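Dumped run_37.cif below, it's mmCIF, C-alpha atoms and all ligand atoms:
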```
data_query
#
loop_
_atom_site.label_atom_id
_atom_site.label_comp_id
_atom_site.auth_asym_id
_atom_site.auth_seq_id
_atom_site.Cartn_x
_atom_site.Cartn_y
_atom_site.Cartn_z
CA MET A 1 -109.42 -96.14 -156.55
CA ALA A 2 -106.14 -97.67 -155.32
CA PHE A 3 -105.46 -97.33 -151.62
CA SER A 4 -102.02 -96.44 -150.44
CA ASN A 5 -101.19 -98.59 -147.45
CA VAL A 6 -100.44 -96.07 -144.75
CA SER A 7 -100.36 -97.52 -141.24
CA ILE A 8 -100.63 -95.42 -138.13
CA ASP A 9 -98.96 -96.45 -134.86
CA GLY A 10 -101.84 -96.96 -132.45
CA LYS A 11 -99.64 -97.39 -129.37
CA ARG A 12 -97.79 -94.15 -130.10
CA LEU A 13 -101.09 -92.32 -130.67
CA LEU A 14 -102.58 -93.55 -127.38
CA ALA A 15 -99.37 -92.78 -125.47
CA ASP A 16 -99.47 -89.18 -126.76
CA LEU A 17 -103.14 -88.77 -125.90
CA TYR A 18 -102.53 -90.12 -122.38
CA ARG A 19 -99.57 -87.74 -121.99
CA LEU A 20 -101.67 -84.76 -123.09
CA ARG A 21 -104.28 -85.83 -120.55
CA THR A 22 -101.77 -85.21 -117.72
CA PHE A 23 -101.83 -81.47 -118.43
CA GLY A 24 -104.64 -80.32 -116.13
CA THR A 25 -105.88 -83.71 -114.97
CA TYR A 26 -109.23 -83.53 -113.16
CA LYS A 27 -110.56 -86.92 -111.98
CA SER A 28 -110.59 -88.93 -115.23
CA GLY A 29 -110.98 -85.75 -117.27
CA VAL A 30 -109.12 -82.51 -117.83
CA HIS A 31 -109.35 -78.84 -116.80
CA ARG A 32 -107.35 -76.82 -119.33
CA PRO A 33 -108.92 -73.36 -119.80
CA THR A 34 -107.67 -71.27 -122.73
CA TYR A 35 -104.44 -69.27 -122.03
CA SER A 36 -104.12 -70.65 -118.47
CA ALA A 37 -100.63 -71.70 -117.37
CA ILE A 38 -101.49 -75.38 -117.86
CA ASP A 39 -102.94 -74.67 -121.32
CA MET A 40 -99.72 -72.92 -122.34
CA GLN A 41 -97.61 -75.78 -120.92
CA SER A 42 -99.66 -78.24 -122.96
CA ARG A 43 -99.21 -76.05 -126.06
CA ALA A 44 -95.44 -76.06 -125.58
CA TRP A 45 -95.53 -79.85 -125.31
CA ILE A 46 -97.69 -80.21 -128.45
CA ALA A 47 -95.31 -77.87 -130.32
CA GLU A 48 -92.37 -80.08 -129.23
CA GLN A 49 -94.11 -83.18 -130.59
CA MET A 50 -94.81 -81.43 -133.90
CA HIS A 51 -91.17 -80.36 -134.09
CA ALA A 52 -90.01 -83.92 -133.38
CA ALA A 53 -92.28 -85.07 -136.24
CA GLY A 54 -90.29 -82.85 -138.60
CA LEU A 55 -92.75 -79.96 -138.77
CA THR A 56 -91.82 -76.28 -138.54
CA VAL A 57 -93.85 -75.01 -135.61
CA GLU A 58 -95.34 -71.62 -134.81
CA ILE A 59 -97.47 -70.60 -131.82
CA ASP A 60 -99.08 -67.43 -133.10
CA GLY A 61 -100.47 -64.26 -131.54
CA ILE A 62 -103.86 -65.80 -130.71
CA GLY A 63 -102.40 -69.09 -129.45
CA ASN A 64 -102.89 -71.27 -132.53
CA ILE A 65 -100.19 -73.94 -132.87
CA ILE A 66 -99.42 -74.63 -136.52
CA GLY A 67 -96.90 -77.27 -137.61
CA ARG A 68 -95.96 -77.01 -141.27
CA GLY A 69 -94.31 -79.76 -143.29
CA GLU A 70 -91.49 -79.27 -145.77
CA GLY A 71 -91.73 -79.55 -149.53
CA ASP A 72 -94.17 -78.76 -152.29
CA GLY A 73 -96.95 -80.98 -153.54
CA PRO A 74 -100.52 -81.26 -152.33
CA ARG A 75 -101.12 -80.96 -148.61
CA VAL A 76 -103.99 -81.10 -146.17
CA LEU A 77 -104.46 -79.31 -142.85
CA LEU A 78 -105.47 -81.61 -139.97
CA GLY A 79 -106.31 -80.67 -136.42
CA SER A 80 -108.80 -79.52 -133.80
CA HIS A 81 -108.35 -77.76 -130.44
CA SER A 82 -106.50 -78.54 -127.20
CA ASP A 83 -108.22 -76.16 -124.76
CA THR A 84 -111.08 -77.73 -122.78
CA GLN A 85 -114.38 -76.90 -121.19
CA PRO A 86 -114.06 -76.41 -117.41
CA TYR A 87 -113.51 -79.73 -115.57
CA ALA A 88 -114.49 -81.65 -118.69
CA GLY A 89 -113.35 -84.49 -120.91
CA TRP A 90 -109.88 -85.53 -122.08
CA LEU A 91 -110.72 -86.19 -125.74
CA ASP A 92 -112.86 -83.22 -126.79
CA GLY A 93 -110.46 -81.50 -129.20
CA ALA A 94 -107.30 -83.32 -128.08
CA LEU A 95 -108.27 -86.32 -130.19
CA GLY A 96 -108.26 -84.38 -133.47
CA VAL A 97 -104.94 -82.65 -132.74
CA MET A 98 -103.21 -85.93 -131.89
CA TYR A 99 -104.75 -87.64 -134.96
CA GLY A 100 -103.19 -84.88 -137.07
CA LEU A 101 -99.81 -85.38 -135.46
CA GLU A 102 -99.92 -89.17 -135.83
CA ILE A 103 -100.99 -88.95 -139.49
CA ALA A 104 -98.22 -86.41 -140.21
CA ARG A 105 -95.75 -88.93 -138.76
CA ALA A 106 -97.27 -91.94 -140.53
CA LEU A 107 -97.43 -90.27 -143.96
CA GLY A 108 -94.23 -88.25 -143.70
CA HIS A 109 -95.42 -85.63 -146.18
CA GLY A 110 -98.40 -83.56 -147.25
CA VAL A 111 -99.79 -82.89 -143.77
CA ASP A 112 -99.77 -79.70 -141.68
CA VAL A 113 -101.15 -79.94 -138.14
CA VAL A 114 -103.00 -77.34 -136.12
CA SER A 115 -104.41 -76.80 -132.64
CA TRP A 116 -106.86 -73.88 -132.81
CA ALA A 117 -106.98 -71.57 -129.79
CA ASP A 118 -110.06 -71.22 -127.60
CA GLU A 119 -112.52 -73.38 -129.51
CA GLU A 120 -114.39 -73.77 -126.22
CA GLY A 121 -115.13 -70.05 -126.22
CA HIS A 122 -113.60 -68.80 -122.98
CA TYR A 123 -112.97 -65.43 -124.66
CA GLY A 124 -114.95 -65.42 -127.90
CA ALA A 125 -116.59 -67.44 -130.65
CA PHE A 126 -113.88 -69.53 -132.37
CA PRO A 127 -111.08 -66.92 -131.94
CA GLY A 128 -108.33 -69.24 -133.22
CA SER A 129 -109.86 -70.53 -136.44
CA ARG A 130 -111.57 -67.21 -137.19
CA SER A 131 -108.27 -65.36 -136.69
CA TYR A 132 -106.65 -67.75 -139.16
CA ILE A 133 -109.27 -67.08 -141.85
CA GLY A 134 -109.01 -63.31 -141.26
CA ASP A 135 -112.31 -62.87 -139.44
CA PHE A 136 -111.25 -61.96 -135.87
CA PRO A 137 -110.43 -58.23 -135.90
CA GLU A 138 -108.27 -56.51 -133.27
CA ALA A 139 -111.44 -54.84 -131.95
CA GLU A 140 -112.84 -58.25 -131.07
CA ILE A 141 -109.66 -59.05 -129.10
CA ASP A 142 -110.05 -55.64 -127.36
CA ALA A 143 -113.63 -56.54 -126.41
CA GLY A 144 -112.88 -60.15 -125.41
CA ARG A 145 -113.39 -61.08 -121.77
CA ASN A 146 -113.18 -64.41 -120.02
CA ARG A 147 -116.77 -65.51 -119.58
CA TYR A 148 -116.04 -67.09 -116.19
CA ASP A 149 -113.74 -64.58 -114.43
CA GLY A 150 -113.90 -61.41 -116.54
CA THR A 151 -110.16 -61.28 -117.39
CA THR A 152 -109.66 -59.28 -120.57
CA MET A 153 -108.43 -61.17 -123.60
CA ARG A 154 -105.53 -58.69 -123.93
CA ASP A 155 -104.39 -59.39 -120.36
CA ALA A 156 -104.72 -63.14 -120.86
CA LEU A 157 -102.70 -63.05 -124.10
CA ALA A 158 -100.01 -60.95 -122.39
CA ALA A 159 -99.84 -63.29 -119.39
CA ALA A 160 -99.56 -66.24 -121.78
CA GLY A 161 -96.63 -64.57 -123.53
CA LEU A 162 -98.52 -64.21 -126.81
CA ALA A 163 -99.00 -60.41 -126.95
CA GLY A 164 -97.36 -58.81 -129.97
CA ARG A 165 -96.83 -62.03 -131.87
CA PRO A 166 -98.10 -62.07 -135.45
CA ARG A 167 -101.28 -64.00 -136.12
CA ALA A 168 -100.99 -66.81 -138.69
CA GLN A 169 -103.11 -66.20 -141.77
CA HIS A 170 -104.66 -68.59 -144.22
CA GLU A 171 -102.55 -68.87 -147.39
CA PRO A 172 -104.98 -69.39 -150.28
CA GLY A 173 -103.97 -72.38 -152.38
CA ARG A 174 -101.73 -73.99 -149.75
CA TYR A 175 -104.20 -76.73 -148.85
CA VAL A 176 -106.35 -79.26 -150.65
CA GLY A 177 -108.58 -78.87 -147.61
CA TYR A 178 -109.06 -79.24 -143.85
CA ILE A 179 -110.13 -82.39 -142.03
CA GLU A 180 -111.00 -82.49 -138.34
CA ALA A 181 -111.56 -85.62 -136.28
CA HIS A 182 -113.61 -85.29 -133.11
CA ILE A 183 -115.47 -87.41 -130.61
CA GLU A 184 -119.16 -87.48 -131.51
CA GLN A 185 -120.32 -86.06 -128.14
CA GLY A 186 -123.73 -87.66 -128.72
CA ASP A 187 -124.84 -91.29 -128.55
CA GLU A 188 -125.78 -92.00 -132.16
CA LEU A 189 -122.65 -94.05 -132.94
CA ASP A 190 -122.38 -95.72 -129.53
CA SER A 191 -126.04 -96.71 -129.26
CA GLY A 192 -126.15 -97.91 -132.88
CA GLY A 193 -122.95 -99.97 -132.67
CA SER A 194 -121.31 -97.82 -135.36
CA LYS A 195 -117.60 -96.95 -135.22
CA ILE A 196 -117.21 -94.03 -137.62
CA GLY A 197 -119.45 -91.05 -138.37
CA VAL A 198 -118.73 -89.13 -141.56
CA VAL A 199 -120.11 -85.64 -141.06
CA THR A 200 -122.36 -84.26 -143.80
CA SER A 201 -122.87 -80.80 -142.33
CA ILE A 202 -122.46 -78.78 -139.17
CA VAL A 203 -125.79 -77.47 -137.94
CA GLY A 204 -126.79 -73.83 -137.81
CA ILE A 205 -127.67 -72.46 -134.36
CA TRP A 206 -130.30 -69.72 -134.09
CA ALA A 207 -130.55 -68.16 -130.63
CA TYR A 208 -133.15 -65.83 -129.09
CA ARG A 209 -134.01 -63.83 -126.03
CA ILE A 210 -137.74 -63.70 -125.26
CA THR A 211 -138.81 -61.17 -122.66
CA PHE A 212 -142.15 -60.88 -120.89
CA GLU A 213 -143.47 -57.82 -119.14
CA GLY A 214 -146.28 -58.24 -116.61
CA VAL A 215 -147.10 -56.51 -113.35
CA GLN A 216 -145.19 -57.25 -110.15
CA ASN A 217 -147.54 -57.59 -107.20
CA HIS A 218 -148.33 -59.28 -103.88
CA ALA A 219 -148.64 -63.06 -104.10
CA GLY A 220 -151.33 -63.15 -101.40
CA THR A 221 -153.65 -60.26 -102.07
CA THR A 222 -153.75 -60.16 -105.88
CA ARG A 223 -156.72 -62.13 -107.24
CA MET A 224 -155.86 -64.70 -109.92
CA ALA A 225 -158.23 -63.11 -112.43
CA ILE A 226 -156.39 -59.79 -112.54
CA ARG A 227 -152.79 -61.01 -112.40
CA LYS A 228 -150.26 -60.26 -115.11
CA ASP A 229 -147.76 -62.98 -114.20
CA ALA A 230 -144.72 -62.76 -116.50
CA GLY A 231 -143.34 -66.07 -115.24
CA LEU A 232 -146.54 -67.91 -116.08
CA ALA A 233 -146.61 -66.32 -119.54
CA ALA A 234 -143.02 -67.48 -120.16
CA VAL A 235 -143.74 -71.05 -119.14
CA LYS A 236 -146.90 -71.16 -121.27
CA LEU A 237 -144.92 -70.04 -124.31
CA ILE A 238 -142.29 -72.73 -123.71
CA ALA A 239 -145.05 -75.35 -123.52
CA ALA A 240 -146.55 -74.01 -126.76
CA ILE A 241 -143.16 -74.29 -128.51
CA ASP A 242 -142.83 -77.86 -127.30
CA ALA A 243 -146.29 -78.67 -128.64
CA LEU A 244 -145.83 -77.03 -132.06
CA PHE A 245 -142.19 -77.73 -133.02
CA PRO A 246 -142.51 -81.56 -133.15
CA THR A 247 -145.25 -81.14 -135.78
CA ILE A 248 -143.07 -79.11 -138.15
CA CYS A 249 -139.45 -80.09 -137.40
CA ALA A 250 -137.01 -82.50 -139.10
CA PRO A 251 -135.81 -85.74 -137.42
CA ARG A 252 -132.56 -84.16 -136.14
CA THR A 253 -133.93 -80.73 -135.17
CA VAL A 254 -133.25 -79.87 -131.52
CA TRP A 255 -134.40 -76.93 -129.38
CA THR A 256 -133.44 -75.86 -125.89
CA VAL A 257 -134.53 -73.41 -123.22
CA GLY A 258 -131.16 -72.81 -121.60
CA ARG A 259 -132.23 -70.29 -118.99
CA ILE A 260 -135.37 -68.81 -117.46
CA THR A 261 -134.97 -65.71 -115.30
CA LEU A 262 -137.81 -64.26 -113.23
CA ASP A 263 -137.84 -60.69 -111.98
CA PRO A 264 -137.59 -60.22 -109.08
CA GLY A 265 -137.66 -63.99 -108.43
CA ALA A 266 -138.99 -64.19 -104.88
CA GLY A 267 -141.42 -66.63 -103.31
CA SER A 268 -144.13 -64.13 -102.37
CA ILE A 269 -143.95 -61.84 -105.39
CA ILE A 270 -145.80 -62.29 -108.69
CA PRO A 271 -143.02 -61.93 -111.30
CA GLY A 272 -143.28 -58.63 -113.15
CA GLY A 273 -140.68 -59.67 -115.71
CA ALA A 274 -139.33 -62.87 -117.24
CA GLU A 275 -136.59 -63.69 -119.72
CA VAL A 276 -136.19 -66.94 -121.66
CA ILE A 277 -132.94 -67.85 -123.44
CA PHE A 278 -133.89 -70.13 -126.28
CA GLN A 279 -132.13 -71.77 -129.25
CA PHE A 280 -132.77 -74.32 -131.98
CA ARG A 281 -130.40 -76.17 -134.31
CA ASP A 282 -130.78 -77.83 -137.69
CA ALA A 283 -128.61 -78.57 -140.73
CA ASP A 284 -131.17 -77.15 -143.19
CA PRO A 285 -131.43 -73.34 -143.63
CA THR A 286 -135.04 -73.69 -144.83
CA MET A 287 -135.96 -75.52 -141.63
CA LEU A 288 -134.26 -72.86 -139.48
CA GLN A 289 -136.30 -70.17 -141.23
CA LYS A 290 -139.49 -72.17 -140.81
CA LEU A 291 -138.86 -72.59 -137.07
CA GLU A 292 -138.16 -68.88 -136.69
CA THR A 293 -141.45 -68.00 -138.42
CA ALA A 294 -143.29 -70.41 -136.13
CA LEU A 295 -141.58 -68.91 -133.08
CA GLU A 296 -142.53 -65.38 -134.20
CA GLN A 297 -146.18 -66.44 -134.46
CA LEU A 298 -146.17 -68.03 -131.02
CA VAL A 299 -144.62 -64.95 -129.44
CA ALA A 300 -147.12 -62.70 -131.26
CA GLU A 301 -149.90 -64.86 -129.86
CA ALA A 302 -148.43 -64.60 -126.34
CA ASP A 303 -148.13 -60.82 -126.76
CA LYS A 304 -151.94 -60.53 -126.96
CA GLY A 305 -152.00 -60.68 -123.18
CA PRO A 306 -152.16 -60.46 -120.31
CA CYS A 307 -148.38 -59.83 -120.53
CA ARG A 308 -146.30 -58.19 -123.24
CA ALA A 309 -143.95 -60.61 -125.07
CA VAL A 310 -140.98 -59.52 -127.19
CA LEU A 311 -138.77 -61.76 -129.32
CA THR A 312 -135.16 -60.72 -130.01
CA ASN A 313 -132.78 -62.70 -132.18
CA VAL A 314 -129.33 -63.05 -130.57
CA SER A 315 -127.48 -64.95 -133.31
CA ARG A 316 -128.02 -66.95 -136.49
CA SER A 317 -125.20 -69.22 -137.70
CA ILE A 318 -125.47 -70.74 -141.14
CA PRO A 319 -125.20 -74.54 -141.49
CA LYS A 320 -121.94 -75.56 -143.15
CA VAL A 321 -122.00 -78.39 -145.67
CA MET A 322 -118.90 -80.62 -145.61
CA ASP A 323 -116.99 -81.34 -148.84
CA ALA A 324 -118.61 -84.17 -150.81
CA GLY A 325 -115.33 -85.58 -152.17
CA PHE A 326 -113.81 -85.72 -148.68
CA GLN A 327 -116.98 -87.41 -147.35
CA ASP A 328 -116.61 -90.06 -150.06
CA ALA A 329 -112.91 -90.61 -149.25
CA LEU A 330 -113.69 -90.95 -145.53
CA THR A 331 -116.57 -93.34 -146.26
CA ARG A 332 -114.39 -95.54 -148.51
CA ALA A 333 -111.65 -95.64 -145.85
CA ALA A 334 -114.24 -96.46 -143.16
CA GLU A 335 -115.67 -99.27 -145.30
CA ARG A 336 -112.18 -100.69 -145.70
CA HIS A 337 -111.28 -100.68 -141.99
CA ALA A 338 -114.74 -101.01 -140.40
CA PRO A 339 -117.03 -102.59 -143.02
CA GLY A 340 -120.68 -101.71 -142.43
CA LEU A 341 -119.89 -99.90 -139.17
CA HIS A 342 -119.98 -96.32 -140.42
CA HIS A 343 -122.57 -93.84 -141.55
CA LEU A 344 -123.19 -90.28 -142.65
CA MET A 345 -124.51 -87.89 -140.00
CA PRO A 346 -124.81 -84.17 -139.26
CA SER A 347 -122.88 -82.57 -136.41
CA GLY A 348 -125.17 -81.07 -133.78
CA ALA A 349 -122.22 -79.31 -132.13
CA GLY A 350 -120.20 -76.41 -133.48
CA HIS A 351 -116.58 -77.02 -134.53
CA ASP A 352 -113.64 -75.10 -136.01
CA ALA A 353 -114.31 -76.98 -139.28
CA GLN A 354 -117.32 -74.71 -139.86
CA GLN A 355 -114.96 -71.71 -139.94
CA LEU A 356 -112.38 -73.42 -142.18
CA ALA A 357 -115.22 -74.45 -144.53
CA ARG A 358 -115.60 -70.74 -145.35
CA VAL A 359 -112.21 -70.69 -147.11
CA MET A 360 -111.43 -74.26 -148.20
CA PRO A 361 -113.03 -77.70 -148.59
CA ALA A 362 -113.57 -79.11 -145.10
CA ALA A 363 -114.68 -82.40 -143.59
CA MET A 364 -115.10 -84.10 -140.24
CA LEU A 365 -114.92 -87.63 -138.90
CA PHE A 366 -116.54 -88.73 -135.62
CA VAL A 367 -115.64 -91.60 -133.31
CA PRO A 368 -118.07 -92.94 -130.67
CA SER A 369 -118.48 -91.26 -127.29
CA ILE A 370 -119.25 -93.92 -124.67
CA GLY A 371 -122.83 -93.32 -123.50
CA GLY A 372 -122.91 -90.12 -125.56
CA ILE A 373 -121.29 -88.20 -122.69
CA SER A 374 -119.19 -85.08 -123.30
CA HIS A 375 -118.48 -81.73 -121.61
CA HIS A 376 -118.10 -83.85 -118.45
CA TRP A 377 -115.02 -85.45 -116.89
CA THR A 378 -116.39 -88.97 -117.48
CA GLU A 379 -116.27 -88.43 -121.28
CA ASP A 380 -114.47 -91.39 -122.89
CA THR A 381 -113.94 -93.46 -126.04
CA ALA A 382 -112.64 -97.04 -126.22
CA ASP A 383 -108.92 -97.25 -127.07
CA ALA A 384 -109.68 -99.54 -130.01
CA ASP A 385 -112.16 -97.00 -131.41
CA ILE A 386 -109.59 -94.19 -131.03
CA VAL A 387 -107.01 -96.19 -132.99
CA LEU A 388 -109.53 -97.28 -135.64
CA GLY A 389 -110.69 -93.71 -136.26
CA CYS A 390 -107.12 -92.51 -136.79
CA GLN A 391 -106.40 -95.32 -139.24
CA VAL A 392 -109.56 -94.50 -141.21
CA MET A 393 -108.59 -90.84 -141.36
CA ALA A 394 -105.00 -91.66 -142.38
CA THR A 395 -106.20 -93.89 -145.23
CA ALA A 396 -108.61 -91.19 -146.42
CA VAL A 397 -105.92 -88.51 -146.29
CA ALA A 398 -103.51 -90.74 -148.25
CA GLU A 399 -106.17 -91.27 -150.90
CA ILE A 400 -107.00 -87.57 -151.09
CA LEU A 401 -103.31 -86.64 -151.51
CA ALA A 402 -102.72 -89.43 -154.06
CA GLY A 403 -105.65 -88.16 -156.11
CA ARG A 404 -104.05 -84.71 -156.61
ZN ZN A 501 -114.41 -79.86 -129.29
#
```

As structure tokens, what does this structure read like?
Amino acid sequence: MAFSNVSIDGKRLLADLYRLRTFGTYKSGVHRPTYSAIDMQSRAWIAEQMHAAGLTVEIDGIGNIIGRGEGDGPRVLLGSHSDTQPYAGWLDGALGVMYGLEIARALGHGVDVVSWADEEGHYGAFPGSRSYIGDFPEAEIDAGRNRYDGTTMRDALAAAGLAGRPRAQHEPGRYVGYIEAHIEQGDELDSGGSKIGVVTSIVGIWAYRITFEGVQNHAGTTRMAIRKDAGLAAVKLIAAIDALFPTICAPRTVWTVGRITLDPGAGSIIPGGAEVIFQFRDADPTMLQKLETALEQLVAEADKGPCRAVLTNVSRSIPKVMDAGFQDALTRAAERHAPGLHHLMPSGAGHDAQQLARVMPAAMLFVPSIGGISHHWTEDTADADIVLGCQVMATAVAEILAGR
């Protein structure tokens, strides 16, 4: 396979990323919530840069920014998101959008660039990319509320000047596929001295609510032998999960108790109720099913007493396998620019690429996160690693386009 010798401009890429970082600066990170004034200012700036790169730009009715190149011929869609978690990092999302822009400039053809709206889920689950693939109905916009301050999605869209605009829709056949670069957000690359992660799949997330019903009573007068302590039952179940799951899970399986709520939650009252918010993630659907069956058995066991235990599934997302041909192209490009310093890995975090993978071939490339830190203002990646990742992606995109 002959490589075309595309060269990105690392200084220009870094300058753009540093400029984008000034929209909503918080310490060394960024606070740029979806549809806020600063988010819309940053979107206008991104649109200007796309326009200057020769793309025809649209900010659509859900806030997606799409820059389309001229001409026929094969083309890829590159991008990520530019909204951020609250008071969080400067590269989560921004990196992939600016990679797309830089590669569009470096190649000069065959690249459209996108910044998906609200990947961080202020108003919904992947509103931007799901709207684009035709899976975010008006009713879901009607129901959308800001998870932090309760603002309705309709009001937020109106305040952002987006109400009434058409929503961009996927045009079947327009793209060879979608490629998204992102910081890893874990420490696998950084701790292993690797520079590039080529993503094999994006994990499925299965989430549950487990409720316990006991008897609320006086913490001083109720003998231990007759208590029905819902809080104790909840904690025992969590310990049982943590004992059983390691014996049946895969190497990259993860599980998390994100919240425990006791009712009423007072120092001198035996909890009459408890709720546990629980999730696990894996890239293999068979493993997800196996873990669910194990969880059902543990909850059934807990339900035998002294408290009632009820398991409710909240959501099940299906793992998304990344395109094999794109993985190969990214791996070849990584071997060329960072010999031996790349590997295949699953993504433990959700990304817009999992939505795009439903309608076209999709792939992802990871660069190292220093110390594995993300969703925090100290999130960072070395400048040299940022530039290297973009060059690898540019080379892969050139090869993919040349092969069509
Ligand atoms: Zn992200």

Got a sec: who's within 6 Å of stretch 129-133 of chain A, counting all atoms listed in the file, leaving out chain neighbours fewer than 2 positions off, as a CSV table (one decimal) with C-alpha atoms, keeping the file's coordinate frame?
```csv
chain,number,residue,atom,x,y,z
A,116,TRP,CA,-106.9,-73.9,-132.8
A,126,PHE,CA,-113.9,-69.5,-132.4
A,127,PRO,CA,-111.1,-66.9,-131.9
A,135,ASP,CA,-112.3,-62.9,-139.4
A,136,PHE,CA,-111.2,-62.0,-135.9
A,168,ALA,CA,-101.0,-66.8,-138.7
A,169,GLN,CA,-103.1,-66.2,-141.8
A,170,HIS,CA,-104.7,-68.6,-144.2
A,352,ASP,CA,-113.6,-75.1,-136.0
```

| message | Around ligand ZN 501 (chain A), which protein and nucleic acid residues have at least one atom no more than 9 Å from it, if we count all atoms listed in the file? List them as a list in words. | response |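 For ligand ZN 501 (chain A), the residues inside 9 Å are Ser80, His81, Ser82, Asp83, Thr84, Gln85, Leu91, Asp92, Gly93, Ala94, Leu95, Gly96, Glu119, Glu120, His182, Ile183, Gln185, Ala349, Gly350, His351, Asp352 and His375 of chain A.
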
For stretch 117-186 of chain A versus stretch 302-326 of chain A, which residues have an atom no more than 10 Å away, and what is each residue's nearest atom pair and distance in Å rounded to one decimal, using all atoms listed in the file, chain-then-number order, as CSV?
```
residue,atom,partner,partner_atom,distance
A:Gly177,CA,A:Phe326,CA,8.7
A:Tyr178,CA,A:Phe326,CA,9.4
A:Ile179,CA,A:Phe326,CA,8.3
```

Within 12 Å of stretch 137-147 of chain A using only C-alpha atoms, minus same-chain residues under 2 positions, as an mmCIF file with C-alpha atoms, in the coordinates of the input:
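That gives us around.cif:
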```cif
data_model
loop_
_atom_site.group_PDB
_atom_site.id
_atom_site.type_symbol
_atom_site.label_atom_id
_atom_site.label_comp_id
_atom_site.auth_asym_id
_atom_site.auth_seq_id
_atom_site.Cartn_x
_atom_site.Cartn_y
_atom_site.Cartn_z
ATOM 1 C CA PRO A 33 -108.920 -73.360 -119.800
ATOM 2 C CA THR A 34 -107.670 -71.270 -122.730
ATOM 3 C CA TYR A 35 -104.440 -69.270 -122.030
ATOM 4 C CA SER A 36 -104.120 -70.650 -118.470
ATOM 5 C CA GLY A 61 -100.470 -64.260 -131.540
ATOM 6 C CA ILE A 62 -103.860 -65.800 -130.710
ATOM 7 C CA GLN A 85 -114.380 -76.900 -121.190
ATOM 8 C CA PRO A 86 -114.060 -76.410 -117.410
ATOM 9 C CA ASP A 118 -110.060 -71.220 -127.600
ATOM 10 C CA GLU A 120 -114.390 -73.770 -126.220
ATOM 11 C CA GLY A 121 -115.130 -70.050 -126.220
ATOM 12 C CA HIS A 122 -113.600 -68.800 -122.980
ATOM 13 C CA TYR A 123 -112.970 -65.430 -124.660
ATOM 14 C CA GLY A 124 -114.950 -65.420 -127.900
ATOM 15 C CA ALA A 125 -116.590 -67.440 -130.650
ATOM 16 C CA PHE A 126 -113.880 -69.530 -132.370
ATOM 17 C CA PRO A 127 -111.080 -66.920 -131.940
ATOM 18 C CA GLY A 128 -108.330 -69.240 -133.220
ATOM 19 C CA ARG A 130 -111.570 -67.210 -137.190
ATOM 20 C CA SER A 131 -108.270 -65.360 -136.690
ATOM 21 C CA TYR A 132 -106.650 -67.750 -139.160
ATOM 22 C CA ILE A 133 -109.270 -67.080 -141.850
ATOM 23 C CA GLY A 134 -109.010 -63.310 -141.260
ATOM 24 C CA ASP A 135 -112.310 -62.870 -139.440
ATOM 25 C CA ASP A 149 -113.740 -64.580 -114.430
ATOM 26 C CA GLY A 150 -113.900 -61.410 -116.540
ATOM 27 C CA THR A 151 -110.160 -61.280 -117.390
ATOM 28 C CA THR A 152 -109.660 -59.280 -120.570
ATOM 29 C CA MET A 153 -108.430 -61.170 -123.600
ATOM 30 C CA ARG A 154 -105.530 -58.690 -123.930
ATOM 31 C CA ASP A 155 -104.390 -59.390 -120.360
ATOM 32 C CA ALA A 156 -104.720 -63.140 -120.860
ATOM 33 C CA LEU A 157 -102.700 -63.050 -124.100
ATOM 34 C CA ALA A 158 -100.010 -60.950 -122.390
ATOM 35 C CA ALA A 163 -99.000 -60.410 -126.950
ATOM 36 C CA GLY A 164 -97.360 -58.810 -129.970
ATOM 37 C CA PRO A 166 -98.100 -62.070 -135.450
ATOM 38 C CA ARG A 167 -101.280 -64.000 -136.120
#
```

| message | Need to verify the contact set: A:Ala47, 9 Å, all atoms listed in the file, exclusion of same-chain residues closer than 3 positions in sequence. Can you return it as a ChimeraX atom specification? | response | /A:42-44,50-52,57-59,65-67

Compile a residue-level contact table for stretch 167-263 of chain A against stretch 382-401 of chain A at a cut-off of 8 Å, reporting for every qualifying residue the shortest atom pair and its distance in Å to one decimal, with all atoms listed in the file counted, rows ordered by chain and ascending number, as a Markdown table.
```
| residue | atom | partner | partner_atom | distance |
| --- | --- | --- | --- | --- |
| A:Ala181 | CA | A:Met393 | CA | 7.9 |
| A:Lys195 | CA | A:Asp385 | CA | 6.6 |
| A:Ile196 | CA | A:Gly389 | CA | 6.7 |
```

Written selection (C-alpha atoms) as a PDB file, in the frame of the given file:
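What landed in out-v4.pdb:
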```
ATOM      1  CA  ALA A 181    -111.560 -85.620-136.280  1.00  0.00           C
ATOM      2  CA  LYS A 195    -117.600 -96.950-135.220  1.00  0.00           C
ATOM      3  CA  ILE A 196    -117.210 -94.030-137.620  1.00  0.00           C
TER       4      ILE A 196
END
```

| said: Can you pull out the residues contacting A:Leu78? Cut-off 9 Å, using only C-alpha atoms, and skip same-chain residues under 5 positions away; I want them as a PyMOL selection string. | reply: chain A and resi 96-97+99-101+103-104+111-115+177-181

| note | For A:Val257, the closest of A:Gly71, A:Lys290, A:Lys11, A:Ile210 counting only C-alpha atoms is A:Ile210

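Atom CA of A:Asp187 lies 5.8 Å from atom CA of A:Gly371.
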